[in-house]
$ cat final.cif   # mmCIF, C-alpha atoms and all ligand atoms
data_final
#
loop_
_atom_site.label_atom_id
_atom_site.label_comp_id
_atom_site.auth_asym_id
_atom_site.auth_seq_id
_atom_site.Cartn_x
_atom_site.Cartn_y
_atom_site.Cartn_z
CA MET A 1 0.00 0.00 0.00
CA THR A 2 1.29 3.43 -0.87
CA SER A 3 -1.26 5.75 0.72
CA SER A 4 0.55 8.61 2.33
CA ILE A 5 0.14 10.21 5.72
CA PHE A 6 -1.05 13.42 4.13
CA THR A 7 -3.87 12.05 2.00
CA ALA A 8 -7.47 12.34 3.14
CA PHE A 9 -9.44 9.37 4.46
CA THR A 10 -13.20 8.92 4.05
CA LEU A 11 -14.97 7.05 6.85
CA PRO A 12 -17.82 4.60 6.13
CA ASN A 13 -20.37 7.31 7.02
CA GLY A 14 -18.85 9.72 4.47
CA GLN A 15 -16.97 11.95 6.92
CA VAL A 16 -13.62 13.04 5.48
CA ILE A 17 -10.50 13.29 7.67
CA LYS A 18 -8.02 15.55 5.88
CA ASN A 19 -4.95 13.44 6.72
CA ARG A 20 -4.10 10.24 8.60
CA LEU A 21 -2.67 11.79 11.78
CA VAL A 22 -4.91 11.74 14.84
CA LYS A 23 -4.43 13.31 18.25
CA ALA A 24 -5.38 10.36 20.49
CA ALA A 25 -7.29 10.89 23.74
CA MET A 26 -5.38 12.38 26.65
CA GLU A 27 -7.16 13.15 29.90
CA GLU A 28 -5.98 16.63 30.83
CA ASN A 29 -7.59 17.13 34.29
CA LEU A 30 -8.07 20.75 33.26
CA ALA A 31 -11.84 21.18 33.55
CA ASN A 32 -13.18 24.01 35.69
CA VAL A 33 -15.00 23.48 38.98
CA GLU A 34 -18.23 22.66 37.13
CA HIS A 35 -16.43 19.95 35.11
CA LEU A 36 -16.59 22.11 31.98
CA PRO A 37 -13.91 22.99 29.44
CA ASP A 38 -12.80 26.63 29.69
CA THR A 39 -10.02 28.88 28.36
CA VAL A 40 -7.11 26.56 29.11
CA LEU A 41 -8.61 23.58 27.31
CA LYS A 42 -9.75 25.74 24.41
CA ARG A 43 -6.23 27.11 23.91
CA LEU A 44 -4.81 23.58 24.03
CA TYR A 45 -7.25 22.20 21.46
CA LYS A 46 -6.71 25.19 19.17
CA ALA A 47 -2.96 24.47 19.26
CA TRP A 48 -3.64 20.92 18.01
CA ALA A 49 -6.01 22.13 15.28
CA ASP A 50 -3.46 24.73 14.14
CA GLY A 51 -0.73 22.09 14.40
CA GLY A 52 -2.09 20.09 11.47
CA VAL A 53 -3.69 16.85 12.75
CA GLY A 54 -6.66 15.62 10.73
CA LEU A 55 -8.69 14.56 13.76
CA ILE A 56 -8.64 15.45 17.44
CA ILE A 57 -10.07 12.94 19.89
CA THR A 58 -10.75 14.66 23.22
CA GLY A 59 -9.45 13.41 26.54
CA ASN A 60 -12.04 11.07 28.04
CA VAL A 61 -15.26 12.85 28.99
CA MET A 62 -17.18 11.29 31.85
CA ILE A 63 -20.77 10.18 31.41
CA ASP A 64 -21.44 10.37 35.18
CA HIS A 65 -20.03 13.04 37.53
CA LEU A 66 -20.07 10.49 40.35
CA ALA A 67 -17.82 8.05 38.48
CA MET A 68 -14.64 9.88 37.53
CA THR A 69 -11.29 8.61 36.20
CA GLY A 70 -9.62 11.50 38.00
CA PRO A 71 -10.05 14.99 39.44
CA GLY A 72 -10.51 17.95 37.08
CA GLY A 73 -12.18 15.70 34.49
CA VAL A 74 -14.71 16.96 31.94
CA VAL A 75 -18.30 15.69 32.38
CA LEU A 76 -21.19 15.88 29.92
CA GLU A 77 -24.60 14.83 31.25
CA GLN A 78 -28.26 15.53 30.50
CA ASP A 79 -28.37 18.92 32.26
CA THR A 80 -24.84 20.14 31.52
CA ASP A 81 -24.45 23.65 30.06
CA LEU A 82 -23.62 23.01 26.39
CA LYS A 83 -22.08 26.39 25.54
CA PRO A 84 -18.49 25.53 26.63
CA PHE A 85 -18.68 22.36 24.50
CA ILE A 86 -20.03 24.29 21.49
CA ASP A 87 -17.10 26.71 21.81
CA LEU A 88 -14.57 23.89 22.17
CA ALA A 89 -15.93 22.07 19.11
CA GLN A 90 -15.91 25.22 16.98
CA LEU A 91 -12.35 26.18 17.89
CA SER A 92 -11.12 22.65 17.29
CA GLN A 93 -12.71 22.58 13.86
CA SER A 94 -10.57 25.43 12.58
CA ASN A 95 -8.02 24.47 9.91
CA ASP A 96 -10.46 21.84 8.58
CA THR A 97 -9.89 19.59 11.61
CA LYS A 98 -12.47 17.12 12.85
CA ILE A 99 -13.17 16.68 16.57
CA TRP A 100 -14.60 13.60 18.27
CA MET A 101 -15.44 13.33 21.95
CA GLN A 102 -14.14 10.28 23.77
CA ILE A 103 -16.76 9.11 26.27
CA ASN A 104 -15.96 6.90 29.22
CA HIS A 105 -17.02 5.25 32.47
CA PRO A 106 -14.15 4.18 34.75
CA GLY A 107 -15.87 1.21 36.38
CA ARG A 108 -13.48 -0.04 39.09
CA GLN A 109 -10.58 2.23 38.03
CA VAL A 110 -11.61 5.02 40.44
CA PHE A 111 -9.00 6.24 42.92
CA LYS A 112 -10.12 5.54 46.48
CA LYS A 113 -9.30 9.15 47.37
CA MET A 114 -11.87 10.37 44.81
CA GLY A 115 -14.70 8.12 45.98
CA GLY A 116 -18.08 8.07 44.27
CA LYS A 117 -19.47 5.04 42.47
CA VAL A 118 -17.07 2.11 42.06
CA LEU A 119 -18.89 -0.30 39.77
CA SER A 120 -17.75 -3.32 37.80
CA PRO A 121 -19.22 -6.51 36.37
CA SER A 122 -17.89 -8.43 39.43
CA ASP A 123 -16.24 -7.68 42.77
CA VAL A 124 -12.66 -8.11 41.53
CA ALA A 125 -10.35 -5.44 42.98
CA LEU A 126 -7.34 -4.05 41.11
CA ASP A 127 -4.07 -5.81 41.81
CA MET A 128 -1.39 -3.14 41.74
CA GLY A 129 1.02 -4.96 44.05
CA LYS A 130 2.04 -2.71 46.92
CA HIS A 131 -0.03 0.13 45.41
CA SER A 132 -3.32 -1.84 45.45
CA ALA A 133 -4.71 0.22 48.35
CA MET A 134 -5.13 3.14 45.94
CA PHE A 135 -8.35 1.45 44.74
CA SER A 136 -11.47 -0.01 46.39
CA THR A 137 -13.19 -3.30 45.71
CA PRO A 138 -15.97 -2.58 43.20
CA LYS A 139 -19.66 -3.36 43.55
CA PRO A 140 -20.99 -5.85 40.97
CA MET A 141 -23.53 -4.02 38.83
CA ASP A 142 -27.21 -4.87 38.90
CA GLN A 143 -29.51 -4.60 35.89
CA THR A 144 -30.65 -1.07 36.81
CA GLU A 145 -27.03 0.11 36.95
CA ILE A 146 -26.28 -1.54 33.60
CA ASP A 147 -29.32 0.16 32.01
CA ASP A 148 -28.25 3.47 33.54
CA VAL A 149 -24.77 3.19 32.01
CA ILE A 150 -26.20 2.46 28.53
CA GLN A 151 -28.48 5.46 28.85
CA ARG A 152 -25.68 7.72 30.07
CA PHE A 153 -23.37 6.83 27.16
CA THR A 154 -26.28 7.58 24.82
CA ILE A 155 -27.12 10.93 26.40
CA THR A 156 -23.50 12.08 26.36
CA ALA A 157 -23.07 11.07 22.70
CA ASN A 158 -26.30 12.75 21.73
CA ARG A 159 -25.34 15.97 23.47
CA ALA A 160 -21.87 15.89 21.89
CA GLU A 161 -23.59 15.87 18.51
CA GLU A 162 -25.87 18.70 19.62
CA ALA A 163 -22.77 20.69 20.60
CA GLY A 164 -21.32 20.31 17.10
CA PHE A 165 -18.75 17.55 17.60
CA ASP A 166 -18.13 15.39 14.51
CA GLY A 167 -18.29 12.08 16.34
CA VAL A 168 -17.73 10.11 19.54
CA GLU A 169 -15.26 7.45 20.51
CA ILE A 170 -16.61 4.97 23.06
CA HIS A 171 -13.77 3.98 25.39
CA ALA A 172 -13.67 0.20 25.74
CA ALA A 173 -9.92 -0.12 26.32
CA HIS A 174 -7.36 0.40 29.12
CA GLY A 175 -9.26 -1.49 31.81
CA TYR A 176 -12.20 0.93 32.13
CA LEU A 177 -15.79 -0.28 32.60
CA LEU A 178 -16.50 -1.62 29.11
CA ALA A 179 -13.09 -3.33 29.05
CA GLN A 180 -13.87 -4.84 32.49
CA PHE A 181 -16.94 -6.46 30.95
CA LEU A 182 -14.85 -7.76 28.03
CA SER A 183 -12.13 -9.37 30.16
CA PRO A 184 -12.65 -12.79 31.77
CA LEU A 185 -10.30 -11.66 34.58
CA THR A 186 -12.73 -8.96 35.75
CA ASN A 187 -16.03 -10.34 34.46
CA LYS A 188 -17.03 -13.42 36.49
CA ARG A 189 -20.76 -13.05 35.86
CA GLN A 190 -22.95 -15.97 35.00
CA ASP A 191 -25.86 -14.01 33.54
CA GLN A 192 -26.29 -12.66 30.00
CA TRP A 193 -23.51 -10.08 30.65
CA GLY A 194 -20.75 -12.60 31.42
CA GLY A 195 -19.28 -15.96 30.45
CA SER A 196 -18.93 -16.38 26.67
CA LEU A 197 -17.24 -13.66 24.62
CA GLU A 198 -20.61 -12.89 23.10
CA ASN A 199 -21.98 -12.19 26.58
CA ARG A 200 -18.92 -10.24 27.71
CA ALA A 201 -19.15 -8.05 24.60
CA ARG A 202 -22.89 -7.49 25.06
CA LEU A 203 -22.61 -4.27 27.07
CA LEU A 204 -20.25 -2.67 24.54
CA LEU A 205 -22.50 -3.70 21.65
CA GLU A 206 -25.64 -2.46 23.43
CA VAL A 207 -23.94 0.88 24.09
CA VAL A 208 -22.91 1.18 20.43
CA LYS A 209 -26.41 0.27 19.19
CA SER A 210 -28.06 2.74 21.53
CA VAL A 211 -25.63 5.55 20.63
CA LYS A 212 -26.09 4.87 16.92
CA ALA A 213 -29.85 4.97 17.25
CA ALA A 214 -29.69 8.33 19.05
CA CYS A 215 -27.28 10.09 16.68
CA SER A 216 -27.49 10.99 13.00
CA ASP A 217 -25.71 9.00 10.28
CA SER A 218 -23.22 11.79 9.57
CA PHE A 219 -22.00 11.66 13.19
CA ALA A 220 -19.04 9.27 13.41
CA ILE A 221 -19.05 6.43 15.94
CA ALA A 222 -15.77 4.84 16.93
CA VAL A 223 -14.61 2.43 19.64
CA LYS A 224 -11.24 2.27 21.39
CA LEU A 225 -10.47 -1.38 22.09
CA ASN A 226 -7.54 -3.31 23.47
CA SER A 227 -5.77 -5.56 20.96
CA ALA A 228 -5.07 -7.52 24.17
CA ASP A 229 -4.97 -6.89 27.92
CA PHE A 230 -1.42 -8.32 28.12
CA GLN A 231 -2.32 -10.24 31.28
CA ARG A 232 -2.40 -14.03 31.53
CA GLY A 233 -5.97 -15.24 31.08
CA GLY A 234 -7.18 -11.80 29.95
CA PHE A 235 -8.88 -10.48 26.82
CA ASP A 236 -6.63 -11.63 23.98
CA ILE A 237 -5.98 -10.89 20.33
CA GLU A 238 -8.38 -13.64 19.17
CA ASP A 239 -11.11 -12.06 21.35
CA ALA A 240 -10.22 -8.63 19.98
CA GLU A 241 -10.56 -9.82 16.39
CA GLN A 242 -14.00 -11.30 17.14
CA VAL A 243 -15.16 -8.12 18.85
CA VAL A 244 -13.93 -5.97 15.94
CA LYS A 245 -16.00 -8.20 13.63
CA MET A 246 -19.07 -7.76 15.87
CA LEU A 247 -18.53 -3.99 15.81
CA GLY A 248 -18.11 -4.11 12.03
CA GLU A 249 -21.56 -5.66 11.75
CA LEU A 250 -22.93 -2.57 13.50
CA ASN A 251 -21.31 -0.38 10.80
CA ILE A 252 -19.19 1.72 13.08
CA ASP A 253 -16.69 4.11 11.51
CA LEU A 254 -13.41 3.24 13.22
CA VAL A 255 -11.82 0.96 15.78
CA GLU A 256 -8.76 2.34 17.57
CA LEU A 257 -6.55 -0.50 18.79
CA SER A 258 -4.50 -0.01 21.92
CA GLY A 259 -3.71 -2.34 24.82
CA GLY A 260 -3.35 -2.70 28.58
CA SER A 261 -4.90 -1.31 31.75
CA TYR A 262 -3.78 0.23 35.06
CA GLU A 263 -2.59 -3.27 36.08
CA ALA A 264 -0.65 -3.87 32.86
CA PRO A 265 0.11 -0.51 31.22
CA ALA A 266 0.88 -1.77 27.71
CA MET A 267 -0.18 1.63 26.34
CA GLN A 268 3.04 2.86 27.95
CA GLY A 269 4.96 0.04 26.28
CA ARG A 270 5.03 -2.40 29.28
CA THR A 271 3.14 -5.69 29.60
CA ALA A 272 2.31 -7.92 32.57
CA ASP A 273 2.56 -11.25 30.75
CA ASN A 274 6.17 -10.83 29.58
CA ARG A 275 5.15 -10.41 25.96
CA THR A 276 7.43 -7.91 24.31
CA LEU A 277 5.97 -4.97 22.47
CA ALA A 278 7.74 -3.21 19.62
CA ARG A 279 9.87 -0.29 20.76
CA GLU A 280 7.83 2.02 18.53
CA ALA A 281 4.25 1.53 17.22
CA TYR A 282 3.65 -0.88 20.12
CA PHE A 283 0.50 -2.57 18.80
CA LEU A 284 1.16 -2.56 15.06
CA GLU A 285 1.86 -6.29 14.83
CA PHE A 286 -1.38 -7.17 16.66
CA ALA A 287 -3.42 -4.54 14.84
CA SER A 288 -2.13 -5.65 11.41
CA LYS A 289 -3.22 -9.23 12.14
CA ILE A 290 -6.68 -8.03 13.13
CA ALA A 291 -6.94 -5.60 10.18
CA GLU A 292 -6.26 -8.43 7.72
CA ASN A 293 -9.53 -10.14 8.62
CA VAL A 294 -11.96 -7.27 9.18
CA SER A 295 -13.55 -4.57 7.05
CA VAL A 296 -13.98 -1.79 9.62
CA PRO A 297 -11.31 0.97 9.37
CA ILE A 298 -8.55 0.59 11.99
CA MET A 299 -6.29 3.05 13.74
CA THR A 300 -3.55 2.10 16.15
CA THR A 301 -2.06 4.30 18.84
CA GLY A 302 1.03 3.87 20.99
CA GLY A 303 4.70 4.68 20.63
CA VAL A 304 4.60 6.74 17.42
CA ARG A 305 6.84 9.79 17.32
CA ARG A 306 8.70 9.48 14.01
CA TYR A 307 7.32 10.12 10.53
CA ASP A 308 8.81 6.91 9.16
CA VAL A 309 7.02 4.90 11.86
CA ALA A 310 3.71 6.69 11.23
CA LYS A 311 4.12 5.88 7.55
CA GLN A 312 4.93 2.26 8.37
CA VAL A 313 1.65 2.07 10.35
CA ILE A 314 -0.32 3.26 7.30
CA ASP A 315 1.69 1.09 4.90
CA ASN A 316 0.83 -1.92 7.11
CA GLY A 317 -2.85 -1.52 6.42
CA MET A 318 -3.98 0.84 9.18
CA HIS A 319 -6.21 3.67 8.03
CA LEU A 320 -5.29 6.26 10.65
CA VAL A 321 -2.43 6.60 13.10
CA GLY A 322 -2.96 7.87 16.64
CA MET A 323 -0.43 9.85 18.62
CA ALA A 324 -0.82 11.09 22.17
CA SER A 325 2.40 11.98 24.06
CA ALA A 326 4.28 13.14 20.96
CA LEU A 327 1.58 15.75 20.31
CA ALA A 328 1.67 16.93 23.92
CA LEU A 329 5.36 17.67 23.52
CA THR A 330 5.14 18.95 19.93
CA PRO A 331 1.53 19.96 19.11
CA ASP A 332 2.46 21.06 15.58
CA LEU A 333 4.38 17.89 14.69
CA PRO A 334 2.14 17.24 11.61
CA ASN A 335 2.94 20.70 10.19
CA LYS A 336 6.62 20.16 10.97
CA TRP A 337 6.61 16.79 9.18
CA GLN A 338 5.12 18.38 6.09
CA GLN A 339 8.19 20.62 5.93
CA ASP A 340 10.76 18.05 7.01
CA SER A 341 9.85 14.41 7.65
CA THR A 342 13.08 13.73 9.56
CA ILE A 343 12.03 15.91 12.52
CA LEU A 344 11.80 13.77 15.67
CA GLY A 345 8.82 13.90 17.97
CA HIS A 346 9.40 13.27 21.68
CA ILE A 347 7.84 10.79 24.10
CA PRO A 348 8.92 11.00 27.72
CA ILE A 349 9.99 7.64 29.12
CA VAL A 350 10.65 7.32 32.85
CA ASP A 351 12.39 4.09 33.77
CA TRP A 352 12.49 3.89 37.56
CA LYS A 353 12.58 0.63 39.50
CA ASP A 354 9.04 1.13 40.78
CA LYS A 355 7.05 0.63 37.56
CA THR A 356 3.85 2.10 38.99
CA LEU A 357 5.64 5.31 39.96
CA SER A 358 7.39 5.40 36.57
CA GLY A 359 4.01 5.21 34.85
CA LEU A 360 2.58 7.97 37.03
CA ALA A 361 5.64 10.17 36.43
CA THR A 362 5.38 9.67 32.65
CA MET A 363 1.72 10.70 32.73
CA ALA A 364 2.58 13.66 34.98
CA LEU A 365 5.26 14.85 32.55
CA VAL A 366 2.84 14.73 29.65
CA LYS A 367 0.08 16.47 31.61
CA GLN A 368 2.50 19.20 32.64
CA GLN A 369 3.01 19.96 28.93
CA LEU A 370 -0.76 20.02 28.33
CA ARG A 371 -1.10 22.61 31.10
CA ARG A 372 1.76 24.65 29.66
CA ILE A 373 0.27 24.72 26.16
CA GLY A 374 -3.14 25.53 27.62
CA SER A 375 -1.60 28.50 29.45
CA GLY A 376 0.05 29.82 26.30
CA LYS A 377 3.57 28.56 27.12
CA SER A 378 5.80 26.24 25.07
CA PRO A 379 6.21 22.62 26.18
CA ASN A 380 9.29 21.95 28.29
CA LEU A 381 11.09 19.02 26.66
CA SER A 382 13.58 18.63 29.50
CA ALA A 383 11.21 18.80 32.48
CA SER A 384 12.13 16.82 35.60
CA PRO A 385 10.00 13.69 36.12
CA VAL A 386 10.36 13.89 39.92
CA TRP A 387 9.19 17.47 39.98
CA ALA A 388 6.38 16.76 37.50
CA LEU A 389 5.17 13.86 39.68
CA ILE A 390 5.22 15.92 42.88
CA THR A 391 3.41 18.84 41.24
CA ASP A 392 0.85 16.48 39.71
CA GLN A 393 0.16 14.77 43.05
CA VAL A 394 -0.24 18.07 44.90
CA ARG A 395 -2.52 19.40 42.16
CA ALA A 396 -4.58 16.17 42.12
CA ALA A 397 -4.98 16.32 45.92
CA LYS A 398 -6.33 19.89 45.73
CA LEU A 399 -8.72 19.05 42.88
CA THR A 400 -9.89 15.90 44.68
CA LYS A 401 -10.68 17.93 47.79
CA ARG A 402 -12.63 20.43 45.68
CA TYR A 403 -14.55 17.58 43.99
CA LYS A 404 -15.48 15.84 47.24
CA LYS A 405 -16.62 19.05 48.84
CA GLN A 406 -18.69 20.02 45.81
CA HIS A 407 -20.50 16.69 45.59
CA LYS A 408 -20.52 15.98 49.34
CA ILE A 409 -18.75 12.63 48.90
C1 LIG B 1 -1.50 12.08 30.03
C2 LIG B 1 -2.21 10.99 29.29
C3 LIG B 1 -3.59 10.87 29.40
C4 LIG B 1 -4.26 9.86 28.70
N1 LIG B 1 -5.63 9.83 28.75
C5 LIG B 1 -6.29 8.95 27.95
C6 LIG B 1 -7.71 9.02 27.84
O1 LIG B 1 -8.38 9.87 28.40
N2 LIG B 1 -8.29 8.09 27.04
C7 LIG B 1 -7.59 7.15 26.34
O2 LIG B 1 -8.17 6.35 25.62
N3 LIG B 1 -6.25 7.10 26.43
C8 LIG B 1 -5.60 7.98 27.18
N4 LIG B 1 -4.23 7.96 27.20
C9 LIG B 1 -3.54 6.97 26.37
C10 LIG B 1 -3.25 7.51 24.99
O3 LIG B 1 -4.42 7.79 24.25
C11 LIG B 1 -2.41 6.52 24.18
O4 LIG B 1 -3.19 5.35 23.97
C12 LIG B 1 -1.09 6.16 24.89
O5 LIG B 1 -0.51 7.29 25.49
C13 LIG B 1 -0.08 5.61 23.91
O6 LIG B 1 0.16 6.52 22.87
P1 LIG B 1 1.47 7.45 22.79
O7 LIG B 1 2.65 6.52 22.88
O8 LIG B 1 1.36 8.14 21.47
O9 LIG B 1 1.41 8.38 23.94
C14 LIG B 1 -3.54 8.94 27.91
C15 LIG B 1 -2.15 9.05 27.83
C16 LIG B 1 -1.49 10.05 28.50
C17 LIG B 1 0.00 10.16 28.36
#

$ encode --input "final.cif" --output "structure tokens" --more "lines below"
Ligand SMILES: Cc1cc2nc3c(=O)[nH]c(=O)nc-3n(C[C@H](O)[C@H](O)[C@H](O)COP(=O)(O)O)c2cc1C
Amino acid sequence: MTSSIFTAFTLPNGQVIKNRLVKAAMEENLANVEHLPDTVLKRLYKAWADGGVGLIITGNVMIDHLAMTGPGGVVLEQDTDLKPFIDLAQLSQSNDTKIWMQINHPGRQVFKKMGGKVLSPSDVALDMGKHSAMFSTPKPMDQTEIDDVIQRFTITANRAEEAGFDGVEIHAAHGYLLAQFLSPLTNKRQDQWGGSLENRARLLLEVVKSVKAACSDSFAIAVKLNSADFQRGGFDIEDAEQVVKMLGELNIDLVELSGGSYEAPAMQGRTADNRTLAREAYFLEFASKIAENVSVPIMTTGGVRRYDVAKQVIDNGMHLVGMASALALTPDLPNKWQQDSTILGHIPIVDWKDKTLSGLATMALVKQQLRRIGSGKSPNLSASPVWALITDQVRAAKLTKRYKKQHKI
């Protein structure tokens, strides 16, 4: 295949993405006290639109303010003021850029300090070794809670369309609620929502069907899915291929393939089952295998910071290529590559002995750059991981306090 990074791609629903480079979802923790995007987020998204990506996928937006992946998260519910979202969509659409909202429910991946609802298919707590106390044991969901989640995904998607977004991406990767239903390690149910792969995929498929029914055909619907959990006995590549086929039957517009969870952060290039990921384009091998046998367009995200690697992803049969960290450090990397394809993007890698702390420090470094861009400053490519981690923890503690007080948790 010879299609280039800078050619347009038309999705099954007719939506045209001007090039193949996508800003993948990054939770910024930069919402205001009412969980709404304001000036800082708008400036950040405008920088990405001006920087030349074809599509921006927002950081995950929560469908329930009482179930948050972290403090300072954006929430879009039935009664939320839509104006800040309308403004964000409009700004992001400058330079012929498309913007999709990623929508998510954390399930059991809620920090104990945050509190709120901690739901999951079964009562399996996170195993983070000596850091396990950061999370509580979740409550197995009853039918009413399952129905509520389907309805909330639908409402958020519908309102995203009302606000002028071009699509939604339903987050079913990285160990969040929909991924918890997919994985036999976290889904021990014996009813219609657990057991066989068909049953474990039911919630995701019901969410997709409901969202599709509530939105117009021109509004893109995508799913972020793990190519594998990279844990022994977890959701594997064969499962992923089957689920992509099921999603294809629902005529969705794109599947983004990633991998891992809080327990096994493969999206940061590390696995828990000793399988080795490529040093760059971590999931390309898995995604290429899946793409061979399915018709739905595929994007893969993880470890891309060089033009040659992005091109390799497209040449290997992917339709779009996602980048997160590299665009936090260099938001105009696509424009730069159009001038000079040898320019290197950056991805911070922290390699401390404590892998959990390394992961947190890497995230903190990236988030620090998102805050800098949002405040009109340039990213700091040589920031200290220790300092970034401390600042991030202090900031998170303040925002958590604010959240708990506001919602009386
Ligand atoms: C600070 C930060 C926040 C992230 N937040 C999200 C998120 O909200 N939703 C999501 O699907 N992935 C999230 N990710 C994962 C990225 O989308 C991506 O899958 C991962 O970083 C690997 O891509 P990269 O190597 O290009 O960074 C986040 C990553 C980082 C670094």

$ residues_around --input "final.cif" --residues "region 288-303 of chain A" --least-positions-apart "6" --cutoff "6 Å" --atoms "only C-alpha atoms" --output "PDB file with C-alpha atoms, keeping the file's coordinate frame"
ATOM      1  CA  GLU A 241     -10.560  -9.820  16.390  1.00  0.00           C
ATOM      2  CA  GLY A 248     -18.110  -4.110  12.030  1.00  0.00           C
ATOM      3  CA  LEU A 254     -13.410   3.240  13.220  1.00  0.00           C
ATOM      4  CA  VAL A 255     -11.820   0.960  15.780  1.00  0.00           C
ATOM      5  CA  GLU A 256      -8.760   2.340  17.570  1.00  0.00           C
ATOM      6  CA  LEU A 257      -6.550  -0.500  18.790  1.00  0.00           C
ATOM      7  CA  SER A 258      -4.500  -0.010  21.920  1.00  0.00           C
ATOM      8  CA  MET A 267      -0.180   1.630  26.340  1.00  0.00           C
ATOM      9  CA  GLU A 280       7.830   2.020  18.530  1.00  0.00           C
ATOM     10  CA  ALA A 281       4.250   1.530  17.220  1.00  0.00           C
ATOM     11  CA  TYR A 282       3.650  -0.880  20.120  1.00  0.00           C
ATOM     12  CA  MET A 318      -3.980   0.840   9.180  1.00  0.00           C
ATOM     13  CA  HIS A 319      -6.210   3.670   8.030  1.00  0.00           C
ATOM     14  CA  LEU A 320      -5.290   6.260  10.650  1.00  0.00           C
ATOM     15  CA  VAL A 321      -2.430   6.600  13.100  1.00  0.00           C
ATOM     16  CA  GLY A 322      -2.960   7.870  16.640  1.00  0.00           C
ATOM     17  CA  MET A 323      -0.430   9.850  18.620  1.00  0.00           C
TER      18      MET A 323
END

$ residues_near_ligand --input "final.cif" --ligand "ligand LIG 1 (chain B)" --cutoff "6 Å" --atoms "all atoms listed in the file" --output "PyMOL selection string"
chain A and resi 24-27+59-60+258+267-268+301-304+323-326+363+366-367

$ closest_atom_pairs --input "final.cif" --of "region 164-220 of chain A" --to "region 5-11 of chain A" --cutoff "12 Å" --atoms "all atoms listed in the file" --output "JSON lines"
{"residue": "A:Asp166", "atom": "CA", "partner": "A:Leu11", "partner_atom": "CA", "distance": 11.8}
{"residue": "A:Gly167", "atom": "CA", "partner": "A:Leu11", "partner_atom": "CA", "distance": 11.2}
{"residue": "A:Asp217", "atom": "CA", "partner": "A:Leu11", "partner_atom": "CA", "distance": 11.4}
{"residue": "A:Ser218", "atom": "CA", "partner": "A:Leu11", "partner_atom": "CA", "distance": 9.9}
{"residue": "A:Phe219", "atom": "CA", "partner": "A:Leu11", "partner_atom": "CA", "distance": 10.5}
{"residue": "A:Ala220", "atom": "CA", "partner": "A:Leu11", "partner_atom": "CA", "distance": 8.0}

$ closest_residue --input "final.cif" --among "A:Arg159, A:His346, A:Arg270, A:Lys139" --to "Cys215 (chain A)" --atoms "only C-alpha atoms"
A:Arg159

$ atom_distance --input "final.cif" --atom1 "CA of Ile390 (chain A)" --atom2 "CA of Glu28 (chain A)"
16.5 Å

$ decode --input "final.cif" --residues "region 13-27 of chain A" --atoms "C-alpha atoms" --output "tab-separated table (two decimals), in the first residue's frame"
chain	number	residue	atom	x	y	z
A	13	ASN	CA	-20.37	7.31	7.02
A	14	GLY	CA	-18.85	9.72	4.47
A	15	GLN	CA	-16.97	11.95	6.92
A	16	VAL	CA	-13.62	13.04	5.48
A	17	ILE	CA	-10.50	13.29	7.67
A	18	LYS	CA	-8.02	15.55	5.88
A	19	ASN	CA	-4.95	13.44	6.72
A	20	ARG	CA	-4.10	10.24	8.60
A	21	LEU	CA	-2.67	11.79	11.78
A	22	VAL	CA	-4.91	11.74	14.84
A	23	LYS	CA	-4.43	13.31	18.25
A	24	ALA	CA	-5.38	10.36	20.49
A	25	ALA	CA	-7.29	10.89	23.74
A	26	MET	CA	-5.38	12.38	26.65
A	27	GLU	CA	-7.16	13.15	29.90
